[in-house]
Every structure is written in structure tokens, then in C-alpha cells.
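Reproduced below: model_6.txt, with compact mmCIF, C-alpha atoms.
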# COMPACT_ATOMS: atom_id res chain seq x y z
CA MET Z 1298 46.01 7.44 -3.86
CA ALA Z 1299 42.32 8.27 -3.69
CA LYS Z 1300 39.81 5.47 -4.02
CA SER Z 1301 39.34 5.02 -7.72
CA TYR Z 1302 35.87 3.49 -7.62
CA ASP Z 1303 32.52 3.71 -5.85
CA TYR Z 1304 31.43 0.08 -5.85
CA LEU Z 1305 33.11 -3.28 -6.09
CA PHE Z 1306 31.07 -6.31 -7.16
CA LYS Z 1307 32.14 -9.91 -7.32
CA LEU Z 1308 30.35 -11.76 -10.13
CA LEU Z 1309 30.38 -15.44 -11.05
CA LEU Z 1310 29.64 -17.24 -14.29
CA ILE Z 1311 27.97 -20.59 -13.71
CA GLY Z 1312 26.71 -23.26 -16.07
CA ASP Z 1313 27.64 -26.51 -17.78
CA SER Z 1314 30.84 -26.91 -19.74
CA GLY Z 1315 30.66 -25.72 -23.32
CA VAL Z 1316 27.88 -23.15 -22.93
CA GLY Z 1317 30.30 -20.33 -23.73
CA LYS Z 1318 30.90 -18.83 -20.29
CA THR Z 1319 34.50 -17.97 -21.08
CA CYS Z 1320 33.50 -16.39 -24.41
CA LEU Z 1321 31.13 -14.03 -22.58
CA LEU Z 1322 34.25 -12.48 -21.10
CA PHE Z 1323 35.83 -11.63 -24.44
CA ARG Z 1324 34.82 -8.21 -25.62
CA PHE Z 1325 36.37 -8.71 -29.03
CA SER Z 1326 35.60 -12.35 -29.65
CA GLU Z 1327 36.38 -12.18 -33.36
CA ASP Z 1328 39.74 -10.81 -32.53
CA ALA Z 1329 40.73 -12.86 -29.50
CA PHE Z 1330 44.43 -13.29 -29.14
CA ASN Z 1331 45.60 -16.85 -29.04
CA SER Z 1332 48.42 -16.72 -26.55
CA THR Z 1333 49.60 -20.21 -25.98
CA PHE Z 1334 51.08 -19.29 -22.63
CA ILE Z 1335 47.99 -17.63 -21.13
CA SER Z 1336 45.53 -20.15 -22.51
CA THR Z 1337 47.59 -23.03 -21.17
CA ILE Z 1338 47.58 -21.84 -17.57
CA GLY Z 1339 44.08 -20.32 -17.75
CA ILE Z 1340 42.44 -17.13 -16.47
CA ASP Z 1341 41.29 -17.04 -12.86
CA PHE Z 1342 39.28 -13.82 -12.91
CA LYS Z 1343 39.00 -10.52 -14.70
CA ILE Z 1344 38.59 -6.97 -13.53
CA ARG Z 1345 36.30 -4.76 -15.55
CA THR Z 1346 35.35 -1.16 -14.92
CA ILE Z 1347 31.92 0.15 -15.85
CA GLU Z 1348 29.95 3.28 -15.11
CA LEU Z 1349 26.40 3.22 -13.80
CA ASP Z 1350 24.41 6.36 -12.94
CA GLY Z 1351 27.66 8.31 -12.77
CA LYS Z 1352 29.23 5.83 -10.35
CA LYS Z 1353 32.39 3.94 -11.13
CA ILE Z 1354 31.94 0.22 -10.57
CA LYS Z 1355 34.68 -2.37 -10.50
CA LEU Z 1356 33.57 -5.84 -11.47
CA GLN Z 1357 35.62 -8.83 -10.46
CA ILE Z 1358 34.32 -11.59 -12.70
CA TRP Z 1359 35.15 -15.23 -12.03
CA ASP Z 1360 34.83 -17.95 -14.58
CA THR Z 1361 34.77 -21.51 -13.33
CA ALA Z 1362 37.50 -22.25 -15.90
CA GLY Z 1363 36.33 -25.81 -16.34
CA GLN Z 1364 36.06 -26.53 -12.60
CA GLU Z 1365 32.46 -27.56 -13.17
CA ARG Z 1366 33.74 -30.59 -15.04
CA PHE Z 1367 35.35 -31.84 -11.88
CA ARG Z 1368 32.30 -31.01 -9.76
CA THR Z 1369 34.36 -28.95 -7.38
CA ILE Z 1370 32.25 -25.82 -7.29
CA THR Z 1371 32.00 -25.25 -3.60
CA THR Z 1372 31.46 -22.65 -0.97
CA ALA Z 1373 34.93 -21.19 -1.53
CA TYR Z 1374 34.05 -20.23 -5.09
CA TYR Z 1375 30.76 -18.66 -4.05
CA ARG Z 1376 32.21 -16.73 -1.11
CA GLY Z 1377 31.54 -13.03 -1.38
CA ALA Z 1378 29.70 -13.37 -4.69
CA MET Z 1379 27.10 -10.65 -5.15
CA GLY Z 1380 25.90 -11.60 -8.61
CA ILE Z 1381 25.68 -14.82 -10.59
CA MET Z 1382 25.16 -15.31 -14.32
CA LEU Z 1383 23.55 -18.69 -14.96
CA VAL Z 1384 24.44 -19.63 -18.50
CA TYR Z 1385 22.99 -22.30 -20.79
CA ASP Z 1386 23.34 -23.02 -24.49
CA ILE Z 1387 20.13 -22.60 -26.51
CA THR Z 1388 21.29 -25.41 -28.82
CA ASN Z 1389 21.71 -27.90 -25.97
CA GLU Z 1390 18.65 -29.06 -24.01
CA LYS Z 1391 20.65 -30.63 -21.20
CA THR Z 1392 22.46 -27.40 -20.35
CA PHE Z 1393 19.05 -25.74 -19.99
CA GLU Z 1394 17.66 -28.48 -17.77
CA ASN Z 1395 20.73 -28.22 -15.58
CA ILE Z 1396 20.02 -24.58 -14.76
CA LYS Z 1397 17.66 -25.79 -12.03
CA ASN Z 1398 20.44 -27.88 -10.56
CA TRP Z 1399 22.82 -24.97 -10.66
CA ILE Z 1400 20.24 -22.83 -8.88
CA ARG Z 1401 19.97 -25.49 -6.20
CA ASN Z 1402 23.76 -25.51 -5.90
CA ILE Z 1403 23.73 -21.73 -5.51
CA GLU Z 1404 21.08 -21.89 -2.81
CA GLU Z 1405 23.22 -24.35 -0.96
CA HIS Z 1406 26.49 -22.45 -1.16
CA ALA Z 1407 25.99 -18.78 -2.00
CA ALA Z 1408 24.65 -15.89 0.07
CA PRO Z 1409 20.82 -15.94 0.10
CA ASP Z 1410 20.55 -12.44 -1.33
CA VAL Z 1411 22.91 -12.98 -4.28
CA GLN Z 1412 21.46 -11.43 -7.46
CA LYS Z 1413 20.95 -13.89 -10.28
CA MET Z 1414 20.31 -13.75 -13.99
CA ILE Z 1415 19.75 -16.50 -16.56
CA LEU Z 1416 21.46 -16.19 -19.94
CA GLY Z 1417 20.55 -18.28 -22.96
CA ASN Z 1418 23.77 -18.09 -24.92
CA LYS Z 1419 24.61 -18.76 -28.59
CA CYS Z 1420 21.44 -17.07 -29.86
CA ASP Z 1421 23.28 -16.45 -33.14
CA MET Z 1422 22.81 -20.17 -33.84
CA ASN Z 1423 19.06 -19.99 -34.35
CA ASP Z 1424 19.04 -22.82 -36.89
CA LYS Z 1425 20.31 -25.22 -34.23
CA ARG Z 1426 18.08 -23.91 -31.47
CA VAL Z 1427 16.35 -26.50 -29.29
CA VAL Z 1428 15.35 -24.30 -26.34
CA THR Z 1429 12.79 -21.64 -27.24
CA LYS Z 1430 13.10 -18.15 -25.84
CA ASP Z 1431 9.69 -18.70 -24.21
CA ARG Z 1432 10.97 -21.60 -22.11
CA GLY Z 1433 13.91 -19.52 -20.95
CA GLU Z 1434 11.62 -16.69 -19.95
CA GLN Z 1435 9.26 -19.11 -18.23
CA LEU Z 1436 12.05 -20.65 -16.15
CA ALA Z 1437 13.33 -17.24 -15.08
CA LEU Z 1438 9.78 -16.23 -14.15
CA GLU Z 1439 9.44 -19.34 -12.00
CA TYR Z 1440 12.45 -18.28 -9.96
CA GLY Z 1441 11.67 -14.59 -10.12
CA ILE Z 1442 14.96 -13.71 -11.76
CA ARG Z 1443 15.94 -11.91 -14.94
CA PHE Z 1444 16.46 -13.52 -18.31
CA MET Z 1445 18.23 -12.57 -21.52
CA GLU Z 1446 19.40 -14.29 -24.66
CA THR Z 1447 22.98 -13.51 -25.59
CA SER Z 1448 25.49 -14.22 -28.29
CA ALA Z 1449 29.10 -13.90 -27.28
CA LYS Z 1450 30.06 -14.56 -30.89
CA ALA Z 1451 27.92 -11.76 -32.28
CA SER Z 1452 28.51 -9.56 -29.19
CA MET Z 1453 24.75 -9.45 -28.66
CA ASN Z 1454 23.42 -8.44 -25.25
CA VAL Z 1455 26.65 -9.45 -23.52
CA GLU Z 1456 27.64 -6.05 -22.16
CA GLU Z 1457 23.97 -5.24 -21.56
CA SER Z 1458 23.56 -8.31 -19.38
CA PHE Z 1459 26.51 -7.34 -17.19
CA TYR Z 1460 25.09 -3.83 -16.84
CA ILE Z 1461 21.67 -5.17 -15.88
CA LEU Z 1462 23.05 -7.55 -13.27
CA SER Z 1463 25.30 -4.81 -11.88
CA ARG Z 1464 22.38 -2.41 -11.71
CA ASP Z 1465 20.38 -4.99 -9.73
CA ILE Z 1466 23.25 -5.51 -7.30
CA LYS Z 1467 23.70 -1.76 -6.87
CA ALA Z 1468 19.98 -1.25 -6.24
CA HIS Z 1469 20.03 -4.10 -3.73
CA ILE Z 1470 23.04 -2.70 -1.88
CA ASP Z 1471 21.68 0.86 -1.89
CA LYS Z 1472 18.42 -0.43 -0.45
CA LYS Z 1473 20.23 -2.40 2.22
CA MET Z 1474 22.29 0.65 3.18
CA GLU Z 1475 19.17 2.80 3.31
CA GLY Z 1476 17.50 0.30 5.64
CA LYS Z 1477 20.54 0.36 7.89
CA ASN Z 1478 20.64 4.12 8.01
CA THR Z 1479 16.98 4.71 8.79
CA SER Z 1480 16.18 1.98 11.29
CA GLU Z 1481 18.96 0.32 13.19
CA GLY Z 1482 18.49 -3.29 14.15
CA ARG Z 1483 15.74 -3.84 11.63
CA ASN Z 1484 15.31 -7.31 10.19
CA PRO Z 1485 17.31 -7.93 7.04
CA PRO Z 1486 15.38 -7.21 3.87
CA SER Z 1487 13.15 -10.05 2.85
CA VAL Z 1488 14.34 -12.04 -0.10
CA ILE Z 1489 12.09 -13.79 -2.56
CA ARG Z 1490 13.28 -17.35 -2.66
CA PRO Z 1491 12.03 -20.23 -4.73
CA THR Z 1492 10.27 -23.09 -2.99
CA PRO Z 1493 12.46 -26.10 -2.17
CA ASP Z 1494 11.47 -27.90 -5.32
CA GLY Z 1495 11.93 -24.88 -7.45
CA GLY Z 1496 8.25 -24.21 -7.97
CA GLY Z 1497 7.56 -27.22 -10.13
CA GLY Z 1498 9.44 -30.10 -11.66
CA PHE Z 1499 11.79 -32.44 -9.82
CA LYS Z 1500 9.03 -33.56 -7.47
CA GLY Z 1501 9.45 -36.89 -5.76
CA ASN Z 1502 12.52 -38.79 -6.89
CA LYS Z 1503 14.82 -35.91 -7.56
CA PRO Z 1504 18.16 -36.96 -8.94
CA SER Z 1505 21.33 -35.64 -7.39
CA TRP Z 1506 22.67 -32.72 -9.38
CA PHE Z 1507 25.96 -34.54 -9.72
CA SER Z 1508 24.35 -37.35 -11.65
CA ARG Z 1509 22.89 -34.78 -14.04
CA CYS Z 1510 26.12 -32.93 -14.57
CA THR Z 1511 27.45 -33.33 -18.09
CA VAL Z 1512 31.08 -34.15 -18.40
CA LEU Z 1513 32.17 -33.03 -21.84
CA MET Y 265 36.51 8.43 -31.07
CA GLU Y 266 39.73 7.15 -32.56
CA LYS Y 267 42.59 6.89 -30.09
CA LYS Y 268 46.15 7.09 -31.21
CA LEU Y 269 48.00 4.24 -29.57
CA SER Y 270 51.75 3.87 -29.81
CA SER Y 271 54.02 0.98 -29.05
CA PHE Y 272 56.71 1.31 -26.44
CA THR Y 273 59.94 2.90 -27.54
CA ASN Y 274 61.51 4.44 -24.47
CA SER Y 275 60.49 5.24 -20.91
CA GLU Y 276 61.03 9.00 -21.26
CA ASP Y 277 57.92 9.22 -23.45
CA VAL Y 278 55.66 7.41 -21.03
CA VAL Y 279 56.90 8.31 -17.53
CA GLN Y 280 56.20 11.55 -15.73
CA ASP Y 281 56.83 12.29 -12.04
CA GLY Y 282 57.54 8.60 -11.48
CA LYS Y 283 54.14 7.49 -12.80
CA ASN Y 284 52.70 6.44 -16.13
CA LYS Y 285 52.19 9.68 -18.00
CA VAL Y 286 49.41 8.45 -20.25
CA ALA Y 287 46.73 5.78 -20.39
CA ILE Y 288 47.93 2.24 -21.05
CA TYR Y 289 46.24 -0.07 -23.56
CA CYS Y 290 46.50 -3.61 -24.83
CA VAL Y 291 48.89 -4.18 -27.73
CA HIS Y 292 46.46 -6.37 -29.62
CA CYS Y 293 43.08 -4.66 -29.09
CA THR Y 294 41.91 -1.28 -27.76
CA SER Y 295 41.16 -2.36 -24.21
CA LEU Y 296 42.07 0.26 -21.60
CA ILE Y 297 44.28 -1.33 -18.94
CA LEU Y 298 45.42 1.53 -16.74
CA ASN Y 299 44.50 5.20 -16.39
CA PRO Y 300 47.25 7.86 -16.34
CA ALA Y 301 49.29 8.33 -13.14
CA THR Y 302 48.10 5.05 -11.64
CA GLY Y 303 51.27 2.94 -11.88
CA THR Y 304 54.63 3.68 -10.26
CA TYR Y 305 57.62 3.45 -12.58
CA LEU Y 306 60.38 1.01 -11.64
CA SER Y 307 63.54 0.60 -13.68
CA ASN Y 308 65.51 -1.97 -11.72
CA ILE Y 309 63.26 -5.00 -11.84
CA GLN Y 310 64.64 -8.39 -12.77
CA PHE Y 311 61.95 -10.72 -13.94
CA ASP Y 312 61.80 -13.31 -16.68
CA LEU Y 313 58.37 -12.87 -18.21
CA PRO Y 314 57.18 -15.77 -20.38
CA THR Y 315 56.81 -14.92 -24.04
CA MET Y 316 53.31 -14.87 -25.47
CA THR Y 317 53.78 -17.85 -27.68
CA GLN Y 318 55.79 -20.88 -26.70
CA LYS Y 319 57.49 -23.34 -28.96
CA LYS Y 320 55.75 -26.66 -29.20
CA ASN Y 321 57.25 -29.45 -27.11
CA ALA Y 322 59.69 -27.08 -25.43
CA LEU Y 323 60.75 -28.45 -22.07
CA THR Y 324 61.20 -25.07 -20.44
CA VAL Y 325 59.09 -21.93 -20.59
CA GLN Y 326 60.63 -19.34 -22.91
CA THR Y 327 60.98 -15.93 -21.31
CA ASP Y 328 62.10 -12.39 -21.99
CA PRO Y 329 63.92 -10.44 -19.28
CA VAL Y 330 61.96 -7.44 -18.01
CA THR Y 331 63.58 -4.51 -16.23
CA GLU Y 332 61.11 -1.63 -16.64
CA CYS Y 333 57.66 -1.85 -15.07
CA PHE Y 334 54.75 0.06 -13.67
CA ARG Y 335 53.86 -1.14 -10.20
CA VAL Y 336 50.17 -1.21 -9.26
CA ASP Y 337 49.56 -1.74 -5.55
CA ASP Y 338 45.84 -2.47 -5.68
CA MET Y 339 44.34 -4.69 -8.36
CA TYR Y 340 41.23 -2.53 -8.41
CA HIS Y 341 43.27 0.36 -9.73
CA PHE Y 342 43.26 -1.40 -13.09
CA GLU Y 343 40.50 -0.45 -15.50
CA ASN Y 344 40.45 -3.81 -17.25
CA ILE Y 345 42.79 -6.75 -16.67
CA GLY Y 346 42.79 -10.53 -16.46
CA PHE Y 347 44.55 -12.54 -13.74
CA SER Y 348 45.78 -16.00 -14.60
CA VAL Y 349 45.65 -19.02 -12.37
CA GLN Y 350 48.66 -19.00 -10.05
CA ALA Y 351 51.81 -20.52 -11.54
CA ASN Y 352 55.35 -20.39 -10.12
CA ASP Y 353 54.26 -18.21 -7.17
CA VAL Y 354 52.82 -15.53 -9.44
CA GLN Y 355 49.67 -14.77 -11.36
CA TYR Y 356 50.28 -13.56 -14.88
CA LEU Y 357 48.33 -10.59 -16.21
CA ALA Y 358 46.53 -10.60 -19.55
CA CYS Y 359 44.23 -8.27 -21.44
CA ALA Y 360 40.69 -8.61 -20.08
CA ASP Y 361 39.15 -8.29 -23.51
CA CYS Y 362 41.28 -10.42 -25.85
CA GLU Y 363 43.55 -12.26 -23.40
CA PHE Y 364 46.73 -11.02 -25.03
CA GLY Y 365 49.53 -11.61 -22.61
CA PRO Y 366 51.27 -11.93 -20.33
CA VAL Y 367 51.52 -8.15 -20.07
CA GLY Y 368 52.87 -8.44 -16.55
CA TRP Y 369 52.57 -10.41 -13.33
CA CYS Y 370 51.25 -10.19 -9.78
CA LYS Y 371 53.09 -11.38 -6.71
CA ASP Y 372 51.99 -10.92 -3.11
CA LYS Y 373 49.09 -8.76 -4.30
CA ILE Y 374 51.39 -6.28 -6.04
CA SER Y 375 51.02 -6.12 -9.81
CA PHE Y 376 53.68 -5.23 -12.36
CA ILE Y 377 53.02 -4.20 -15.96
CA ALA Y 378 55.96 -4.56 -18.34
CA LEU Y 379 56.48 -1.30 -20.23
CA SER Y 380 57.37 -3.18 -23.39
CA ARG Y 381 54.18 -5.27 -23.51
CA VAL Y 382 51.56 -2.52 -23.65
CA ARG Y 383 50.63 0.47 -25.83
CA TYR Y 384 50.30 4.10 -24.89
CA GLU Y 385 47.90 6.88 -25.75
CA LEU Y 386 50.49 9.26 -27.18

Give the structure from this file in C-alpha cells form.
Amino acid sequence: MAKSYDYLFKLLLIGDSGVGKTCLLFRFSEDAFNSTFISTIGIDFKIRTIELDGKKIKLQIWDTAGQERFRTITTAYYRGAMGIMLVYDITNEKTFENIKNWIRNIEEHAAPDVQKMILGNKCDMNDKRVVTKDRGEQLALEYGIRFMETSAKASMNVEESFYILSRDIKAHIDKKMEGKNTSEGRNPPSVIRPTPDGGGGFKGNKPSWFSRCTVL
Amino acid sequence: MEKKLSSFTNSEDVVQDGKNKVAIYCVHCTSLILNPATGTYLSNIQFDLPTMTQKKNALTVQTDPVTECFRVDDMYHFENIGFSVQANDVQYLACADCEFGPVGWCKDKISFIALSRVRYEL
């Protein structure tokens, strides 16, 4: 059978427990099916097909499925990842603060050129908001990555965010391929990376990210 | 764009030249699982596929026997699908959008969709 797609991207969802990572993967959240069998054993990953600029793209999306609670997110999980959604809950300050720790974890374990995006989820719960949109934007700016507020419950910006991240990955890959084709043996493309202390905050006595991880 | 989706009645309606004749959708929502002519029809499978809901406090997993399937050799041939965590040597397949399932299973990288657990664009 002919190849049924043009690109294949592995994406990860990262963030504290309870920020709604799993819900981001439901397209019909209102109408989710409560299968006792499937929900008991849990979903490992999902395959989604999207179209970008006339190209068929297969997304393999991995959810930590609660692994973050046991602090076992390691190199194996990050292997081959081309895009990472960093998710926090706009009604929970701690989940926002932990984004920096997750970024540090990513820098330690993932490929240096992995494309990242920060999502402030649950933006339908504005009355309980504790993290302003401004602070989210500011944090993303600090790291030079994209930012969006989403609501899995209201299906707001969820699909858009996956399209945006996929578009970034595609652009990155296309650029890399172009570089390879035009000048062999050239240095790999330069990657903008945050400074070791994340461009502010956590100076001096930085706590281990484990100690800051919320166990819910 | 309203699609007309039909439940499974018999394989003659949905199989053509040994493949799935039409697109395959979730039973519960309108998520597209497989494009036409992507799965190979098999009629002699013997697999006990767990039922979607399980009785509380049951000691064993309740299953339904499955004989008719579409085999999908490459997981990326699916349009949308969810893979469960491995259990009993297999990964169970569920709808990517609403997690209805299991609609099939995957063993040794080969996936099987049970004809009776999906809908068809007929």
C-alpha cells in the first residue's frame, strides 16, 4: 500500500496532574464515552490525522497518563519527541510555577530542537482564575516559545494549538532538510535556548524539581 | 456535511475485494477511524474482546467472541485511533475522540478492528 501520509510527528503532553492534559485529547469532551474497560487500563497514545498546507500529517500524541505523579518521566518518554505541549491550569498557581521545572526536565531529557508550546488550560473557568493571561504570555516570551489559553471543556483553541505546534515542527523540519540539501556538512541549525536559570527566577538556591512536584 | 453512518449488520455490505468497502467510524461519535480500502478483511479470527462496560466487582474480564475483523498492518494507516496501555500481551484500540472501546486490539504491531464495534459510511 502506498504511504498514506507525508509527515509523522511525535507529540507529548507535559504538565502537573490535574491540569487537564487528558481532556485536551478528547475532541467531543461533552460527549466522552465512559467505557469502564478502557478507562481502567488507560490510553497510551493516540493517532490523529491532520492536514497542513495540503500535506497529510500523522500525529502520535502521548499523554503521561498520570506517570508524572510517580516522577518517572524520563528519557524513554521523551525519545523521538518532536513537539511538546506544556500544560498548566489557570486556576492553579502551582501548576503554572512548575512549568519552569518541566522546561528544565525537557532540556535534560528531550532533543534540543524539540518544538515547545505553553498552554494555559481551563480558560472557561475565568471566575476561578489565579494566573493572568499576561503572566502566561510573559513566561512564554522569556523562553521564546509560543503561548495559548485553551479550554478543553469548551473546545476552545484546542485543535488550533495542535495545528500551530504541528506547523512549527513542519517548518523546522523543512528548514533542516533544506539546509541538508544545499550545503552538506553544514553545522546543525542554531537553536535558541534559554539560559541555564531560565532567564530569571530560581537564582541561587534552586529547589529540585522533584520537591516542587505536586502529588495530587 | 452530514454523514450517514450505519451500524454493522453483515460483512457483505462493508467488504469489497477483501478490504473495507467504506470509511469506518466510531459507534458513539463521528470520529473517522479508517479510510476505505485500508483494512484487510478476515473472517476466521478467534479473539475474546472485552466488553465496553464491565460488571462491578467481577473477578474476570467479560468478553465477547470476535470472528470478523479488518487487519491494519501499520498503525499510521489509521486516521484517528487510541492505543491502550498494554494488557494481556495486547493493546486495546479505542476511539481517539471519545475513547469508546475497545473497538479492536493490536498484537505484535498488527491491529485488528472488530467489524461489529464500528459504524460504516453507507

From atom CA of Glu343 of chain Y to atom CA of Leu298 of chain Y the spacing works out at 5.4 Å

Find the residues near segment 1382-1391 of chain Z: any atom within 9 Å, counting only C-alpha atoms, skip ones fewer than 5 places away on the same chain, and give them as a VMD selection string. chain Z and resid 1308 to 1313 1315 to 1318 1396 1399 to 1400 1412 to 1420 1422 to 1430 1433 1446 1458 to 1459 1462 1509 to 1511

To one decimal place in Å, what is the distance between atom CA of Pro366 of chain Y and atom CA of Phe1306 of chain Z? 24.8 Å

Using all atoms listed in the file, which residues sit within 9 Å of Gln280 of chain Y once same-chain residues fewer than 5 positions away are excluded, as a compact mmCIF listing (two decimals) with C-alpha atoms, keeping the file's coordinate frame?
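Written file, part26.txt:
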# COMPACT_ATOMS: atom_id res chain seq x y z
CA LYS Y 285 52.19 9.68 -18.00
CA VAL Y 286 49.41 8.45 -20.25
CA ALA Y 301 49.29 8.33 -13.14
CA TYR Y 305 57.62 3.45 -12.58

Report, in Å to a single decimal, how far apart atom CA of Pro329 of chain Y and atom CA of Ser307 of chain Y are.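 These two atoms are separated by 12.4 Å.
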
At a cut-off of 7 Å, which residues of chain Z touch chain Y? Count all atoms listed in the file and give the answer as a compact mmCIF listing (two decimals) with C-alpha atoms, in the coordinates of the input.
# COMPACT_ATOMS: atom_id res chain seq x y z
CA SER Z 1301 39.34 5.02 -7.72
CA LEU Z 1322 34.25 -12.48 -21.10
CA PHE Z 1323 35.83 -11.63 -24.44
CA ARG Z 1324 34.82 -8.21 -25.62
CA PHE Z 1325 36.37 -8.71 -29.03
CA ASP Z 1328 39.74 -10.81 -32.53
CA ALA Z 1329 40.73 -12.86 -29.50
CA PHE Z 1330 44.43 -13.29 -29.14
CA SER Z 1332 48.42 -16.72 -26.55
CA THR Z 1333 49.60 -20.21 -25.98
CA PHE Z 1334 51.08 -19.29 -22.63
CA ILE Z 1335 47.99 -17.63 -21.13
CA ILE Z 1338 47.58 -21.84 -17.57
CA GLY Z 1339 44.08 -20.32 -17.75
CA ILE Z 1340 42.44 -17.13 -16.47
CA ASP Z 1341 41.29 -17.04 -12.86
CA PHE Z 1342 39.28 -13.82 -12.91
CA LYS Z 1343 39.00 -10.52 -14.70
CA ILE Z 1344 38.59 -6.97 -13.53
CA ARG Z 1345 36.30 -4.76 -15.55
CA THR Z 1346 35.35 -1.16 -14.92
CA LYS Z 1355 34.68 -2.37 -10.50

Measuring atom to atom with all atoms listed in the file, identify which of Y:Lys268, Y:Arg335, Y:Lys373, Y:Arg381 is nearest to Leu313 of chain Y.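 Result for the nearest residue to Leu313 of chain Y: Y:Arg381.
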
Rank nothing, just name the residue among Z:Tyr1302, Z:Tyr1375, Z:Trp1359, Z:Tyr1440 nearest to Ala1407 of chain Z, using only C-alpha atoms.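 Between Z:Tyr1302, Z:Tyr1375, Z:Trp1359, Z:Tyr1440, the residue approaching Ala1407 of chain Z most closely is Z:Tyr1375.
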
Name the residues within 12 Å of (23.3, 1.6, -9.1), counting only C-alpha atoms in the file's coordinates, and put them as a PyMOL selection string. chain Z and resi 1303-1306+1347-1354+1460-1472

For Ile288 of chain Y, which residue among Y:Val330, Y:Ile309, Y:Val354, Y:Leu269 is the nearest when counting only C-alpha atoms? Y:Leu269

Excluding same-chain residues fewer than 6 positions from Leu386 of chain Y, what lies within 12 Å of it counting all atoms listed in the file, as a list in words? Lys267, Lys268, Leu269, Ser270, Ser271, Phe272, Thr273, Asp277, Val278, Val279, Asn284, Lys285, Val286, Ala287, Ile288, Tyr289 and Pro300 of chain Y

Let me have the centre and edge lengths of the axis-aligned box enclosing all listed atoms of segment 1432-1450 of chain Z with 8 Å padding on every side, in Å to one decimal, as lines of an AutoDock Vina configuration file.
center_x = 19.7
center_y = -16.8
center_z = -20.4
size_x = 36.8
size_y = 25.7
size_z = 36.9
